[in-house]
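Student: input.cif (mmCIF, C-alpha atoms and all ligand atoms) pasted underneath:
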data_work
loop_
_atom_site.label_atom_id
_atom_site.label_comp_id
_atom_site.auth_asym_id
_atom_site.auth_seq_id
_atom_site.Cartn_x
_atom_site.Cartn_y
_atom_site.Cartn_z
CA MET R 1 -39.92 -18.04 -30.94
CA ARG R 2 -37.73 -17.85 -34.09
CA ILE R 3 -34.17 -18.97 -33.37
CA ALA R 4 -31.25 -18.86 -35.82
CA ILE R 5 -27.56 -19.68 -35.88
CA PHE R 6 -25.81 -17.09 -38.02
CA GLY R 7 -22.66 -18.74 -39.35
CA SER R 8 -23.03 -22.50 -39.30
CA GLY R 9 -19.57 -23.82 -40.08
CA ALA R 10 -17.63 -26.11 -37.73
CA MET R 11 -19.26 -24.84 -34.51
CA GLY R 12 -22.66 -23.69 -35.74
CA THR R 13 -23.36 -27.04 -37.39
CA VAL R 14 -22.74 -28.89 -34.11
CA LEU R 15 -24.84 -26.43 -32.08
CA GLY R 16 -27.63 -26.54 -34.67
CA ALA R 17 -27.64 -30.34 -34.71
CA PHE R 18 -27.91 -30.63 -30.91
CA LEU R 19 -30.60 -27.94 -30.57
CA ASN R 20 -32.74 -29.45 -33.34
CA LYS R 21 -32.23 -33.00 -32.09
CA ASN R 22 -33.33 -32.00 -28.61
CA GLY R 23 -36.62 -30.47 -29.64
CA LEU R 24 -36.02 -26.90 -30.82
CA GLU R 25 -36.63 -25.60 -34.31
CA VAL R 26 -33.49 -23.67 -35.13
CA VAL R 27 -32.53 -22.49 -38.61
CA LEU R 28 -28.86 -22.68 -39.68
CA ILE R 29 -27.73 -19.69 -41.78
CA ASP R 30 -24.49 -19.97 -43.72
CA SER R 31 -22.92 -18.48 -46.81
CA TYR R 32 -21.23 -21.71 -47.98
CA ALA R 33 -23.79 -22.84 -50.58
CA GLU R 34 -22.60 -26.43 -50.94
CA HIS R 35 -22.71 -26.88 -47.15
CA VAL R 36 -26.24 -25.44 -46.95
CA LYS R 37 -27.36 -27.80 -49.71
CA ALA R 38 -25.82 -30.84 -47.94
CA LEU R 39 -27.40 -29.87 -44.60
CA ASN R 40 -30.86 -29.66 -46.19
CA GLU R 41 -30.51 -32.80 -48.28
CA LYS R 42 -28.69 -35.13 -45.86
CA GLY R 43 -28.99 -33.48 -42.43
CA ALA R 44 -26.20 -32.30 -40.13
CA HIS R 45 -23.77 -35.20 -39.71
CA ILE R 46 -21.83 -34.87 -36.46
CA ILE R 47 -18.86 -37.08 -35.71
CA GLY R 48 -16.38 -37.19 -32.82
CA CYS R 49 -17.75 -38.01 -29.38
CA VAL R 50 -21.11 -38.74 -31.03
CA ASP R 51 -22.08 -40.06 -34.43
CA MET R 52 -25.45 -38.64 -35.38
CA THR R 53 -27.26 -37.22 -38.37
CA VAL R 54 -29.95 -34.70 -37.55
CA PRO R 55 -32.44 -33.26 -40.07
CA VAL R 56 -32.04 -29.46 -40.07
CA LYS R 57 -33.26 -26.49 -42.05
CA ALA R 58 -30.40 -24.44 -43.51
CA ILE R 59 -30.53 -21.25 -45.58
CA LEU R 60 -28.18 -18.80 -47.27
CA PRO R 61 -28.02 -15.26 -45.80
CA GLU R 62 -29.95 -13.95 -48.82
CA GLN R 63 -32.81 -16.33 -47.97
CA MET R 64 -33.37 -14.81 -44.51
CA GLU R 65 -36.85 -13.43 -44.01
CA GLY R 66 -38.97 -11.91 -41.24
CA LYS R 67 -37.52 -11.19 -37.81
CA TYR R 68 -35.54 -13.54 -35.56
CA ASP R 69 -36.02 -13.48 -31.77
CA ILE R 70 -32.73 -15.10 -30.76
CA VAL R 71 -29.66 -15.28 -33.01
CA PHE R 72 -26.42 -17.05 -32.08
CA VAL R 73 -23.48 -15.55 -33.99
CA PHE R 74 -20.97 -18.20 -35.02
CA THR R 75 -19.35 -16.55 -38.03
CA LYS R 76 -15.67 -15.69 -37.66
CA GLN R 77 -15.06 -12.18 -36.26
CA THR R 78 -13.26 -11.45 -39.55
CA SER R 79 -16.73 -11.49 -41.22
CA ASN R 80 -18.40 -9.08 -38.78
CA ALA R 81 -18.07 -5.92 -40.88
CA GLU R 82 -19.56 -7.59 -43.93
CA ALA R 83 -22.08 -9.92 -42.28
CA LEU R 84 -23.59 -8.14 -39.28
CA PRO R 85 -25.10 -5.08 -41.01
CA LYS R 86 -27.13 -7.56 -43.10
CA LEU R 87 -28.28 -9.44 -40.00
CA LYS R 88 -29.57 -6.20 -38.47
CA ASN R 89 -32.38 -6.02 -41.04
CA PHE R 90 -33.86 -9.21 -39.59
CA LEU R 91 -34.00 -8.12 -35.95
CA ASN R 92 -36.73 -6.52 -33.83
CA GLU R 93 -35.93 -3.92 -31.16
CA ASP R 94 -36.04 -6.70 -28.55
CA SER R 95 -34.30 -9.44 -30.54
CA ILE R 96 -31.38 -10.98 -28.66
CA VAL R 97 -28.06 -11.53 -30.44
CA CYS R 98 -25.69 -13.79 -28.54
CA THR R 99 -22.16 -13.78 -29.93
CA LEU R 100 -20.30 -17.01 -29.26
CA GLN R 101 -17.26 -15.98 -31.30
CA ASN R 102 -13.78 -16.11 -29.82
CA GLY R 103 -11.90 -13.01 -28.68
CA VAL R 104 -13.82 -10.17 -27.01
CA PRO R 105 -16.43 -9.61 -29.75
CA GLU R 106 -19.27 -7.97 -27.77
CA TYR R 107 -18.17 -4.40 -28.48
CA SER R 108 -17.74 -4.98 -32.20
CA VAL R 109 -21.08 -6.83 -32.44
CA SER R 110 -22.80 -4.03 -30.46
CA GLU R 111 -21.53 -1.49 -32.97
CA TYR R 112 -23.21 -3.29 -35.85
CA ILE R 113 -26.44 -4.56 -34.33
CA GLY R 114 -26.89 -2.36 -31.23
CA GLY R 115 -25.69 -2.71 -27.63
CA ASN R 116 -29.31 -3.11 -26.52
CA ARG R 117 -29.52 -6.42 -28.40
CA THR R 118 -26.09 -7.86 -27.64
CA VAL R 119 -25.18 -10.55 -25.12
CA GLY R 120 -22.31 -12.99 -25.40
CA GLY R 121 -20.56 -16.03 -24.15
CA THR R 122 -17.52 -18.23 -24.29
CA VAL R 123 -17.74 -21.72 -25.70
CA LEU R 124 -15.89 -24.42 -23.83
CA TRP R 125 -15.79 -27.06 -26.58
CA GLY R 126 -14.40 -27.17 -30.10
CA ALA R 127 -15.18 -28.46 -33.59
CA THR R 128 -13.54 -29.04 -36.95
CA PHE R 129 -15.29 -28.61 -40.29
CA ILE R 130 -14.84 -31.87 -42.22
CA SER R 131 -16.82 -31.45 -45.45
CA PRO R 132 -20.18 -30.00 -46.54
CA GLY R 133 -22.78 -31.17 -44.02
CA VAL R 134 -20.20 -32.81 -41.73
CA SER R 135 -18.58 -31.40 -38.59
CA GLU R 136 -16.44 -33.12 -35.98
CA VAL R 137 -16.82 -32.18 -32.34
CA THR R 138 -13.31 -32.34 -30.88
CA GLN R 139 -14.07 -33.04 -27.24
CA ASP R 140 -16.67 -34.92 -25.27
CA VAL R 141 -19.68 -32.61 -25.05
CA THR R 142 -21.86 -35.34 -23.58
CA CYS R 143 -20.00 -35.88 -20.30
CA GLY R 144 -21.87 -33.24 -18.29
CA ASP R 145 -19.12 -30.57 -18.28
CA ASN R 146 -20.14 -26.92 -18.61
CA LEU R 147 -20.37 -26.06 -22.35
CA PHE R 148 -21.11 -22.31 -22.33
CA ASP R 149 -20.43 -19.35 -20.01
CA ILE R 150 -22.86 -16.65 -21.11
CA GLY R 151 -23.77 -13.24 -19.77
CA GLU R 152 -24.79 -9.64 -20.23
CA ILE R 153 -22.01 -7.13 -20.91
CA ASP R 154 -22.85 -5.35 -17.64
CA GLY R 155 -23.14 -8.63 -15.74
CA LYS R 156 -26.83 -8.31 -14.78
CA ILE R 157 -28.83 -11.52 -14.57
CA THR R 158 -31.72 -10.58 -16.83
CA ASP R 159 -34.77 -12.46 -18.07
CA ARG R 160 -33.34 -12.43 -21.57
CA ILE R 161 -30.02 -14.03 -20.60
CA GLN R 162 -32.01 -16.75 -18.84
CA LYS R 163 -34.00 -17.22 -22.04
CA VAL R 164 -30.75 -17.64 -24.00
CA ALA R 165 -29.45 -20.11 -21.41
CA ALA R 166 -32.67 -22.13 -21.64
CA VAL R 167 -32.09 -22.50 -25.40
CA LEU R 168 -28.41 -23.51 -25.11
CA GLU R 169 -29.27 -25.99 -22.35
CA HIS R 170 -30.79 -28.12 -25.13
CA MET R 171 -27.16 -28.93 -25.98
CA GLY R 172 -25.69 -29.17 -22.47
CA PRO R 173 -24.84 -27.35 -19.22
CA VAL R 174 -24.72 -23.54 -19.35
CA CYS R 175 -23.43 -21.14 -16.73
CA ILE R 176 -24.73 -17.56 -16.56
CA VAL R 177 -21.78 -15.41 -15.47
CA GLU R 178 -21.89 -12.01 -13.78
CA ASN R 179 -18.37 -11.33 -15.02
CA LEU R 180 -18.62 -11.87 -18.78
CA MET R 181 -15.46 -9.88 -19.49
CA GLY R 182 -13.56 -12.01 -16.94
CA ALA R 183 -14.76 -15.14 -18.77
CA ARG R 184 -13.77 -13.55 -22.10
CA TRP R 185 -10.23 -12.74 -20.91
CA SER R 186 -9.81 -16.23 -19.44
CA LYS R 187 -10.79 -17.75 -22.79
CA LEU R 188 -8.48 -15.23 -24.47
CA ILE R 189 -5.61 -16.88 -22.58
CA LEU R 190 -6.63 -20.26 -23.99
CA ASN R 191 -6.98 -18.93 -27.53
CA SER R 192 -3.91 -16.68 -27.58
CA CYS R 193 -1.71 -19.35 -26.05
CA MET R 194 -2.79 -22.74 -27.34
CA SER R 195 -4.68 -21.69 -30.48
CA GLY R 196 -1.88 -19.17 -31.18
CA MET R 197 0.91 -21.75 -30.86
CA SER R 198 -1.14 -24.40 -32.70
CA ALA R 199 -1.42 -21.96 -35.64
CA VAL R 200 2.21 -20.79 -35.40
CA THR R 201 3.54 -24.38 -35.51
CA GLY R 202 0.85 -26.03 -37.67
CA SER R 203 0.27 -28.59 -34.90
CA VAL R 204 -2.55 -30.13 -32.90
CA PHE R 205 -2.62 -29.19 -29.20
CA GLY R 206 -0.88 -32.41 -28.06
CA ASP R 207 2.09 -31.71 -30.35
CA VAL R 208 2.40 -28.17 -28.94
CA LEU R 209 2.53 -29.64 -25.42
CA ASN R 210 5.07 -32.26 -26.48
CA ASN R 211 7.47 -29.65 -27.85
CA LEU R 212 9.51 -28.09 -25.02
CA LYS R 213 9.91 -24.69 -26.67
CA ALA R 214 6.34 -24.41 -28.03
CA SER R 215 5.01 -25.43 -24.63
CA ALA R 216 7.20 -22.87 -22.82
CA CYS R 217 5.84 -20.15 -25.14
CA LEU R 218 2.33 -20.88 -23.81
CA GLY R 219 3.25 -19.53 -20.37
CA LEU R 220 5.09 -16.52 -21.79
CA ILE R 221 2.11 -15.50 -23.94
CA ALA R 222 -0.19 -16.03 -20.93
CA SER R 223 1.87 -13.82 -18.62
CA GLU R 224 1.50 -10.86 -21.00
CA ILE R 225 -2.28 -11.31 -21.06
CA ILE R 226 -2.41 -11.52 -17.27
CA GLU R 227 -0.59 -8.17 -17.03
CA VAL R 228 -2.76 -6.46 -19.63
CA CYS R 229 -6.02 -7.82 -18.22
CA THR R 230 -5.04 -6.74 -14.72
CA ALA R 231 -4.22 -3.24 -16.03
CA ALA R 232 -7.64 -3.16 -17.72
CA GLY R 233 -9.23 -3.81 -14.30
CA VAL R 234 -10.84 -7.10 -15.35
CA LYS R 235 -10.86 -10.03 -12.90
CA PHE R 236 -10.36 -13.43 -14.53
CA GLU R 237 -12.99 -16.12 -14.14
CA ASP R 238 -11.48 -19.43 -12.99
CA VAL R 239 -11.25 -22.22 -15.57
CA MET R 240 -11.74 -25.81 -14.32
CA GLY R 241 -11.17 -24.47 -10.80
CA MET R 242 -7.80 -23.00 -11.81
CA ASP R 243 -6.76 -19.38 -11.20
CA MET R 244 -5.70 -17.99 -14.61
CA LYS R 245 -2.89 -16.05 -12.94
CA ASP R 246 -1.16 -19.43 -12.41
CA TRP R 247 -0.99 -19.97 -16.18
CA GLY R 248 1.65 -17.29 -16.79
CA TRP R 249 5.40 -17.74 -16.55
CA THR R 250 8.05 -15.03 -16.58
CA ALA R 251 10.85 -15.73 -14.16
CA THR R 252 11.28 -18.74 -11.89
CA TYR R 253 11.32 -22.46 -12.58
CA ASP R 254 8.49 -22.94 -10.05
CA ASP R 255 6.33 -20.54 -12.07
CA TYR R 256 7.25 -22.44 -15.21
CA GLU R 257 6.19 -25.76 -13.70
CA LEU R 258 2.93 -24.38 -12.32
CA SER R 259 2.09 -22.82 -15.68
CA GLN R 260 2.85 -26.09 -17.50
CA ARG R 261 0.66 -28.04 -15.07
CA CYS R 262 -2.29 -25.72 -15.80
CA PHE R 263 -1.97 -26.13 -19.57
CA ARG R 264 -1.51 -29.90 -19.30
CA LYS R 265 -4.53 -30.30 -17.03
CA PHE R 266 -6.82 -28.22 -19.23
CA TYR R 267 -5.73 -29.79 -22.51
CA ALA R 268 -5.49 -33.41 -21.26
CA ASP R 269 -8.64 -34.43 -23.17
CA LYS R 270 -8.08 -32.04 -26.09
CA ARG R 271 -4.71 -33.23 -27.39
CA THR R 272 -6.00 -34.08 -30.87
CA ALA R 273 -7.88 -30.78 -31.29
CA LYS R 274 -6.86 -28.21 -33.86
CA ALA R 275 -7.27 -24.47 -33.29
CA SER R 276 -9.84 -22.82 -35.53
CA MET R 277 -7.03 -20.44 -36.57
CA LEU R 278 -5.04 -23.45 -37.79
CA GLN R 279 -8.07 -24.77 -39.69
CA ASP R 280 -8.26 -21.39 -41.46
CA LEU R 281 -4.55 -21.45 -42.35
CA GLU R 282 -4.92 -24.95 -43.77
CA LYS R 283 -7.77 -23.68 -45.96
CA GLY R 284 -5.66 -20.70 -47.08
CA LYS R 285 -8.04 -18.28 -45.28
CA LYS R 286 -7.33 -15.23 -43.12
CA THR R 287 -7.47 -16.06 -39.39
CA GLU R 288 -8.95 -14.22 -36.40
CA VAL R 289 -5.44 -13.49 -35.07
CA ASP R 290 -6.10 -9.72 -35.03
CA MET R 291 -8.98 -10.36 -32.63
CA ILE R 292 -7.03 -12.84 -30.47
CA ASN R 293 -3.25 -12.25 -30.01
CA GLY R 294 -3.69 -8.96 -31.92
CA PHE R 295 -6.32 -7.82 -29.40
CA VAL R 296 -3.77 -8.42 -26.59
CA VAL R 297 -1.14 -6.38 -28.45
CA GLU R 298 -3.64 -3.55 -29.02
CA GLN R 299 -4.76 -3.52 -25.37
CA GLY R 300 -1.11 -3.75 -24.24
CA LYS R 301 -0.37 -0.56 -26.21
CA LYS R 302 -3.38 1.11 -24.60
CA TYR R 303 -2.07 0.34 -21.08
CA GLY R 304 1.65 0.75 -21.86
CA ILE R 305 2.47 -2.95 -21.38
CA PRO R 306 4.91 -4.65 -23.79
CA THR R 307 3.55 -7.85 -25.36
CA PRO R 308 6.49 -9.21 -27.42
CA PHE R 309 5.38 -12.87 -27.50
CA ASN R 310 1.85 -12.06 -28.65
CA ASP R 311 3.37 -9.68 -31.16
CA ILE R 312 5.58 -12.42 -32.65
CA ALA R 313 2.62 -14.82 -32.76
CA VAL R 314 0.64 -12.22 -34.78
CA LYS R 315 3.55 -11.63 -37.16
CA VAL R 316 4.19 -15.34 -37.73
CA ILE R 317 0.51 -16.17 -38.28
CA LYS R 318 0.18 -13.29 -40.74
CA GLY R 319 3.37 -14.48 -42.44
CA ILE R 320 1.73 -17.90 -42.90
CA GLU R 321 -1.50 -16.27 -44.14
CA ASN R 322 0.54 -14.34 -46.73
CA LYS R 323 2.43 -17.50 -47.76
CA GLU R 324 5.75 -15.96 -46.63
CA LEU R 325 6.24 -18.60 -43.90
CA PRO R 326 5.58 -22.36 -43.82
CA LEU R 327 3.05 -23.98 -41.52
CA SER R 328 5.72 -25.66 -39.43
CA MET R 329 7.47 -26.08 -36.07
CA ASP R 330 10.37 -24.19 -37.74
CA ASN R 331 8.53 -20.97 -36.87
CA LEU R 332 9.57 -21.48 -33.24
CA LYS R 333 12.92 -19.93 -34.24
CA PHE R 334 11.23 -16.50 -34.10
CA PHE R 335 10.55 -16.86 -30.35
CA ASP R 336 13.48 -15.96 -28.11
CA ILE R 337 12.64 -17.62 -24.81
CA PRO R 338 14.48 -17.25 -21.48
CA ASP R 339 16.53 -20.08 -19.99
CA PHE R 340 14.19 -22.19 -17.87
CA LYS R 341 16.30 -24.98 -16.46
CA ALA R 342 15.81 -25.87 -12.80
N1 LIG X 401 -13.69 -24.25 -34.15
C1 LIG X 401 -13.56 -24.23 -32.84
O1 LIG X 401 -13.10 -25.21 -32.23
C2 LIG X 401 -14.01 -23.05 -32.04
C3 LIG X 401 -14.35 -21.85 -32.65
N2 LIG X 401 -14.83 -20.81 -31.88
C4 LIG X 401 -15.20 -19.55 -32.50
O2 LIG X 401 -16.47 -19.72 -33.13
C5 LIG X 401 -16.56 -18.90 -34.30
C6 LIG X 401 -16.87 -19.80 -35.50
O3 LIG X 401 -15.79 -20.70 -35.66
P1 LIG X 401 -15.85 -21.94 -36.65
O4 LIG X 401 -17.18 -22.58 -36.58
O5 LIG X 401 -14.63 -22.73 -36.38
O6 LIG X 401 -15.70 -21.19 -38.05
P2 LIG X 401 -16.06 -21.71 -39.53
O7 LIG X 401 -15.23 -20.91 -40.47
O8 LIG X 401 -16.01 -23.18 -39.59
O9 LIG X 401 -17.59 -21.27 -39.66
C7 LIG X 401 -17.99 -19.97 -39.95
C8 LIG X 401 -19.05 -20.07 -41.03
O10 LIG X 401 -19.61 -18.78 -41.23
C9 LIG X 401 -19.85 -18.66 -42.63
N3 LIG X 401 -20.01 -17.26 -43.01
C10 LIG X 401 -19.08 -16.35 -43.39
N4 LIG X 401 -19.66 -15.17 -43.69
C11 LIG X 401 -20.98 -15.34 -43.48
C12 LIG X 401 -22.11 -14.49 -43.64
N5 LIG X 401 -21.98 -13.24 -44.10
N6 LIG X 401 -23.33 -14.98 -43.33
C13 LIG X 401 -23.48 -16.26 -42.92
N7 LIG X 401 -22.45 -17.12 -42.79
C14 LIG X 401 -21.23 -16.67 -43.05
C15 LIG X 401 -18.63 -19.31 -43.24
O11 LIG X 401 -18.88 -19.62 -44.59
P3 LIG X 401 -17.65 -19.56 -45.64
O12 LIG X 401 -16.89 -20.81 -45.43
O13 LIG X 401 -18.37 -19.45 -46.95
O14 LIG X 401 -16.85 -18.33 -45.31
C16 LIG X 401 -18.48 -20.54 -42.36
O15 LIG X 401 -19.22 -21.64 -42.85
C17 LIG X 401 -15.20 -18.18 -34.40
O16 LIG X 401 -15.28 -16.92 -33.78
C18 LIG X 401 -14.26 -19.08 -33.60
O17 LIG X 401 -13.16 -18.38 -33.06
C19 LIG X 401 -15.04 -20.92 -30.54
C20 LIG X 401 -14.71 -22.08 -29.90
C21 LIG X 401 -14.13 -23.22 -30.57
C1 LIG X 402 -10.68 -25.33 -29.77
C2 LIG X 402 -10.71 -24.18 -28.81
C3 LIG X 402 -11.79 -24.46 -27.75
C4 LIG X 402 -9.33 -24.08 -28.17
O1 LIG X 402 -9.16 -23.70 -26.90
C5 LIG X 402 -10.97 -22.87 -29.50
O2 LIG X 402 -11.63 -22.02 -28.98
C6 LIG X 402 -10.37 -22.54 -30.82
O3 LIG X 402 -9.35 -23.06 -31.19
O4 LIG X 402 -10.91 -21.65 -31.49
#
As a first step, turn the structure in this file into structure tokens.
Ligand SMILES: NC(=O)C1=CN([C@@H]2O[C@H](COP(=O)(O)OP(=O)(O)OC[C@H]3O[C@@H](n4cnc5c(N)ncnc54)[C@H](OP(=O)(O)O)[C@@H]3O)[C@@H](O)[C@H]2O)C=CC1
Ligand SMILES: CC(C)(CO)C(=O)C(=O)O
Tutor:
Amino acid sequence: MRIAIFGSGAMGTVLGAFLNKNGLEVVLIDSYAEHVKALNEKGAHIIGCVDMTVPVKAILPEQMEGKYDIVFVFTKQTSNAEALPKLKNFLNEDSIVCTLQNGVPEYSVSEYIGGNRTVGGTVLWGATFISPGVSEVTQDVTCGDNLFDIGEIDGKITDRIQKVAAVLEHMGPVCIVENLMGARWSKLILNSCMSGMSAVTGSVFGDVLNNLKASACLGLIASEIIEVCTAAGVKFEDVMGMDMKDWGWTATYDDYELSQRCFRKFYADKRTAKASMLQDLEKGKKTEVDMINGFVVEQGKKYGIPTPFNDIAVKVIKGIENKELPLSMDNLKFFDIPDFKA
């Protein structure tokens, strides 16, 4: 079986290192030439909850050859239009492409490589790209917690999704979900809220939680997503046993407190993590905000639901991308939040 990771930056390097270390032969494909060179010459160096260097084979996209049986997509969604048509040339009719990107990427990936080949999943850990060949895993992936929720778009438990799970289990626990879209929308809450506010303020997750206004915005962004997702007829998957509907806050102080408790519980061990959108801003790159908060705004329009907080998050993040705004807590001034005193 030929297995590849297409896009081996922060996340793909960590996945590739674990899969290769635990007995699979998985090729890492990436367009960053210096990184590919370092991976081949020195191995994938993973820091964070582990410190390991794993010999891996890495190639540039133009070095791809033959057909791959299973491909994990870990490029940014912003690269899909350019990258995925090229990937298609290296797939059989029954190749499986599992997108692990953030947002709700399955429909876009299906368009480029075929719905018959596409499965997907949410990733419940994070990573930061440090330097060529080196990636830091930003939470403990060795403690036995579930690392991936994967599934078919139509929710069927197929042989091929079990095959994909068996591969990912070489890194850690995997859950096959019958409600992939529910898992996607639950993760969309995490990314639109915490990754959104981390990018808006230029802060790690702990600093967002420590700032009263930034932290209040989390619940306001969440409540818009809850409304839109409900209108779309998708049922959220629970996260760490929590009902995602508890994460939103619109009116009462009790709602506010419940919402804050959810965010604090989920992010307790992730306070030093940095959203991948923030990592992109720091590198002067375009972010995936159109596919995260922007996706909520787009779906809100479709269902006639206003999404002002997601809308501001998109505008601020684009302002930072375009160098019109600083990467700073000062950007909180654009968010007009309700009074939330007891
Ligand atoms: N970082 C995190 O904590 C998490 C990220 N995610 C999601 O995972 C996905 C990947 O994120 P992350 O690893 O942080 O992103 P990175 O930007 O670190 O990695 C993406 C890699 O893909 C490479 N790439 C771009 N275009 C191509 C191409 N045409 N062919 C092959 N490789 C290409 C990039 O190279 P180059 O630098 O040259 O552009 C880069 O090395 C995103 O969708 C993100 O939202 C999900 C959970 C957590
Ligand atoms: C780090 C993590 C897991 C945040 O929830 C993430 O998905 C991201 O920022 O892209």
Student: Using all atoms listed in the file, determine which residues lie at most 7 Å from Ile70 in chain R, disregarding the query and same-chain residues fewer than 4 positions distant; provide the list as a VMD selection string.
Tutor: chain R and resid 2 to 4 95 to 97
Student: Taking all atoms listed in the file into account, list the residues no farther than 8 Å from ligand LIG 401 (chain X), as a PyMOL selection string.
Tutor: chain R and resi 6-13+29-33+35+60-61+73-77+79-80+82-84+86+100-103+122-129+137-138+273-277+279-280+288
Student: From the options R:Gln162, R:Thr272, R:Asn116, R:Ser135, which residue's atoms come nearest to ligand LIG 402 (chain X), counting all atoms listed in the file?
Tutor: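 So, comparing all the options, the nearest one is R:Thr272.
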Student: Mind pulling up the distance from CA of Val104 in chain R to CA of Val228 in chain R?
Tutor: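 Those two atoms sit 13.8 Å apart.
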Student: Taking all atoms listed in the file into account, name the residue in R:Asp159, R:Glu257, R:Asp269, R:Glu152 that is nearest to Arg184 in chain R.
Tutor: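 Closest to Arg184 in chain R of all the choices is R:Glu152.
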Student: Env of Ser198 in chain R: 7 Å cut, atoms = all atoms listed in the file, seq-sep filter 4 positions within chain, self excluded. Answer as a VMD selection string.
Tutor: chain R and resid 194 202 to 205 208 274 to 275 278
Student: For the atom pair CA of Phe309 in chain R and CA of Phe148 in chain R, what is the interatomic distance in Å to one decimal place?
Tutor: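 Atom-to-atom, CA of Phe309 in chain R and CA of Phe148 in chain R are spaced 28.6 Å apart.
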